[in-house]
Every structure is written in structure tokens, then in C-alpha cells.
Amino acid sequence: MTKIDPKELILTLSVESLVDTAESFFATLKDDNPLVHMGKPFSDLNGVSDTLQNMSHLLSELQLGKSMTVLDFAAGACWLSRFLTQLQCQTISCDVSESALSLGRDLFARFPPIGSEIYEPRFLKFDGHSLDLPSESVDRIICHDGLHHIPNQEEVISELARVLKHGGIAGFSEPGRFHSQSEESQHDMREFNVLENDIILSEIFAIAKNSGFTDIKIKPISNTTISLQDYQQLTSKKWRPASEKIVTKHIRHLLDYKLVFFLYKGDFFSDSRRPLGLSHSISTPSSHLTAKTGEEIIIPLKISNTGQAKWIIENSGPNIGVVFIGTQSYDRSRDLLDRDFSRYRLQKPVNPGESIEQDITIRIEHAGILELSIDLVSEQICWFEDLGSEPLKLQISVLDN
């Protein structure tokens, strides 16, 4: 039997016909056994470990932060969107099949994510050509096993680049360059008129560069098992070609059949919606102040971003990830009086390496000696002190007015 070449199949199958095929598949699922797809990846005992491994690789490099808008492209029954929503991302589940999105709505209704700060999911029907989203409107894109079904890769990748913000990342988990040659792929293309294309990264990146992406990175997968002897040889300082060959041969083999890769749109840097890279230094001219009760005290501050993440000053909805100047008050014995003594919004966003000068004003109603700890806090993420930054400590002598 002659093998089907996916490139030749693309010439015979229109985008619209493939959209209809996907809709027919999910419409049948909806009436047959929808929980199999709604329950992914835990409805497939044989495939769950591979799927979770792919997911962990995707999530580790996507640099997700709370409240980020994430486009789940080729979302199917939206099970991955549900996990992303549980991580407090704002998800847009996108698929060509209305029946698939209907399964997704049912999934969220039956098994809603847990927590109070959970965003309402959005569902977007894709016509196979253009995304009904504004340009530069999503922070991240995730695509799990969808790109190899797409015949018009140039058109679709261009759309993904358009809607992704500058500095954003698109992550893909896909089969490799020989995917179309497997018996299962050949069977599905022959019997169901679906596209099981090969994913050739040099071709993908050539398209991506023309669309506005600037870089590609691959995260190799390894699930090989080694003996204790191989482990000891690999972790020793001695020359170990035999043991290394076992691991590298396995990784090379998997790169032909399992790919997790990322497309970058411009230079990436993190921001304060995630805790990594948050660091500061804070200074003021005097470490001891005197005031009277009820009197306003103006404290001039110089604050420097010594980390690798941008501090944002606004966010849609809750202030998740918005950086504030936060103060905590202690008595002269260093006992905590008020963990949230005062908050002050930064006057402008602060990039790594930048500094701002900003005054804060406090008022103390009771006489005595007060110690004020001045720190930064990324709302609902962390206090910077928890990550190793040193708060500014001020002693304030408050006299009766």
C-alpha cells in the first residue's frame, strides 16, 4: 500500500474540509463518551505520563504569571485551559470545532477550578484562517498537539504572532519529523481524511521569522532509565563515554518523535506577576525621624530595581502582580504591630536596572518609638523580603502633640 505524503494531502484537502472533519469528530464525542476527552490527561492510563511530561516542559519554559492572558490554541475539550485557569491565568480556549468548545464549557461548569481569584474562561471559535482577537492582546500561547493538524501553517503562525504581545512566548508540544510515517498516522489520514503532518523545526522557524517571531528554543525530553552503575559513572569526575552515550542516544531518538519547542516574539523579560527575578534596594537620607502625633511625615525614597523582572503598576481586574511600596510597623521590642501599615502605588513601571525617587507620607497617632519596615510587595505574589531583598528600616520617635 502506497504511503500517504502529508504535503500531497494538503493539496487535496482544504482548510474548510479539515475544519468540518474536526467538528464531526467532536460532535460524535459529545453524544458518545465526552468524559474521555474532558478528563484528559487522567482518562488515559497509558498516555498520562507522557502528557504530563510534555505539560511540565511547556509550563517550565512559558514563564507563566498570575493573571496573564493565555491563548490555548487548538484547545479541543479545553482540559488544559482548565488547568491554566486553576493557575490563575486568564484563558482563551480556541478551537475550530464548536462542539469541542461546548465540551469545554460543560467541563468548566461541571468541574470549576478552585479558589476565589479565578478568572472566567473565554471561548473562541477559529475559522481556520484568522483569530478574532486584537493584535498584541495575549501574553502567552500554548498549543498541545495541534500544529501538526494544520495545513496552512504560514497563515496560522502569522496570526499567532500578531495576537502575541512583544516579549511573549508561544509554546508547542508536537510529534517530530517522522510523525506522518507511523502506522497510526497513515491509518488516520487514509480512513478519516485528517492531516498528520511532520513537524520539521527548520521549516517552522523559517515561517515564524517571516511572521514576527525572533527566536526558537527546544526543550529535549528524556525518560530513559539507567542503572545505579551508570548513574555513579555519570556523576563522577571520570571520563564516562559509555554512560553518556546511553543518555544522549535516547534523547536524540526522542527528538525525532517528541518535540517541545518555544517561539519568542522579541526579547523576553519577566515581570512582577511571577516571583522570579524580583529584587530591590531602598534608601532614604536619614534612618531616624522625629515627629508629633497626628503629624504627616514625608519620607523621601530612592528605589532601585536590582532584579531581572519589570515591576508593573496596573493590571486588569484585581491588582495581581502590581508592585506597591508596603510598610510594616513594629514596636521598640521588634514585635509586629501591623503587617499592612500602609501601601503606596509606584508612580511608574520600573524596568530592571532602573531607579525611581518617590516620597511616601505616613501619620502616626500614638506617642512612642516606632520602627517602620519599608519593602515592596507584588500583590498576591510575594513581599520582596521573602525573596531576599533587605527592607529599609526606619526608627521614628513620636512625641505628644
# chains A, B, ... in the order shown; residues from 1 in each chain; ligands from 1
$ residues_around --residues "segment 154-162 of chain A" --least-positions-apart "3" --cutoff "9 Å" --atoms "only C-alpha atoms" --output "PyMOL selection string"
chain A and resi 73+128-131+134-137+141+150-151+165+170+204+207-208+210-213+265
$ residues_around --residues "Leu301 of chain A" --least-positions-apart "3" --cutoff "9 Å" --atoms "only C-alpha atoms" --output "PyMOL selection string"
chain A and resi 282-285+356-360
$ select_by_dssp --residues "segment 196-352 of chain A" --states "alpha helix (DSSP H)" --output "NGL selection string"
:A and (201-211 or 228-234 or 241-255)
$ select_by_dssp --residues "segment 99-338 of chain A" --states "strand (DSSP E)" --output "VMD selection string"
chain A and resid 122 to 125 138 to 144 164 to 175 215 to 218 258 to 264 270 to 271 280 to 283 288 to 292 296 to 305 309 to 310 323 to 330 336 to 338
$ closest_residue --among "A:Leu346, A:Ile381, A:Leu124, A:Leu103" --to "Leu276 of chain A" --atoms "only C-alpha atoms"
A:Ile381
$ atom_distance --atom1 "atom CA of Ser281 of chain A" --atom2 "atom CA of Leu64 of chain A"
25.4 Å
$ residues_around --residues "segment 219-232 of chain A" --least-positions-apart "6" --cutoff "10 Å" --atoms "only C-alpha atoms" --output "PyMOL selection string"
chain A and resi 49-50+53-54+57-58+60-61+173+240+242-244+246-255+258-262
$ write_last_selection --atoms "C-alpha atoms" --output "JSON list (two decimals), in the first residue's frame"
[["chain", "number", "residue", "atom", "x", "y", "z"],
["A", 49, "SER", "CA", 2.77, 10.07, 31.96],
["A", 50, "ASP", "CA", 3.83, 11.31, 28.51],
["A", 53, "GLN", "CA", 5.80, 15.23, 30.98],
["A", 54, "ASN", "CA", 5.03, 17.35, 27.93],
["A", 57, "HIS", "CA", 8.16, 21.00, 29.91],
["A", 58, "LEU", "CA", 5.73, 23.52, 28.42],
["A", 60, "SER", "CA", 8.52, 25.34, 32.88],
["A", 61, "GLU", "CA", 9.59, 27.46, 29.92],
["A", 173, "SER", "CA", 4.13, 20.16, 22.23],
["A", 240, "ARG", "CA", 32.38, 8.30, 31.07],
["A", 242, "ALA", "CA", 29.71, 4.70, 27.62],
["A", 243, "SER", "CA", 27.25, 6.03, 30.20],
["A", 244, "GLU", "CA", 26.82, 9.35, 28.42],
["A", 246, "ILE", "CA", 23.14, 5.77, 26.72],
["A", 247, "VAL", "CA", 21.51, 9.07, 27.68],
["A", 248, "THR", "CA", 22.39, 11.08, 24.59],
["A", 249, "LYS", "CA", 21.30, 8.29, 22.24],
["A", 250, "HIS", "CA", 17.93, 8.19, 23.98],
["A", 251, "ILE", "CA", 17.47, 11.97, 23.78],
["A", 252, "ARG", "CA", 18.45, 12.02, 20.10],
["A", 253, "HIS", "CA", 15.89, 9.30, 19.41],
["A", 254, "LEU", "CA", 13.11, 11.17, 21.21],
["A", 255, "LEU", "CA", 13.90, 14.39, 19.35],
["A", 258, "LYS", "CA", 8.55, 14.18, 20.53],
["A", 259, "LEU", "CA", 9.14, 17.91, 20.41],
["A", 260, "VAL", "CA", 8.52, 20.66, 22.94],
["A", 261, "PHE", "CA", 9.60, 23.98, 21.50],
["A", 262, "PHE", "CA", 9.06, 27.68, 22.03]]
$ closest_residue --among "A:Gln380, A:Ser270, A:Ser102, A:Gln186" --to "Leu62 of chain A" --atoms "only C-alpha atoms"
A:Ser270
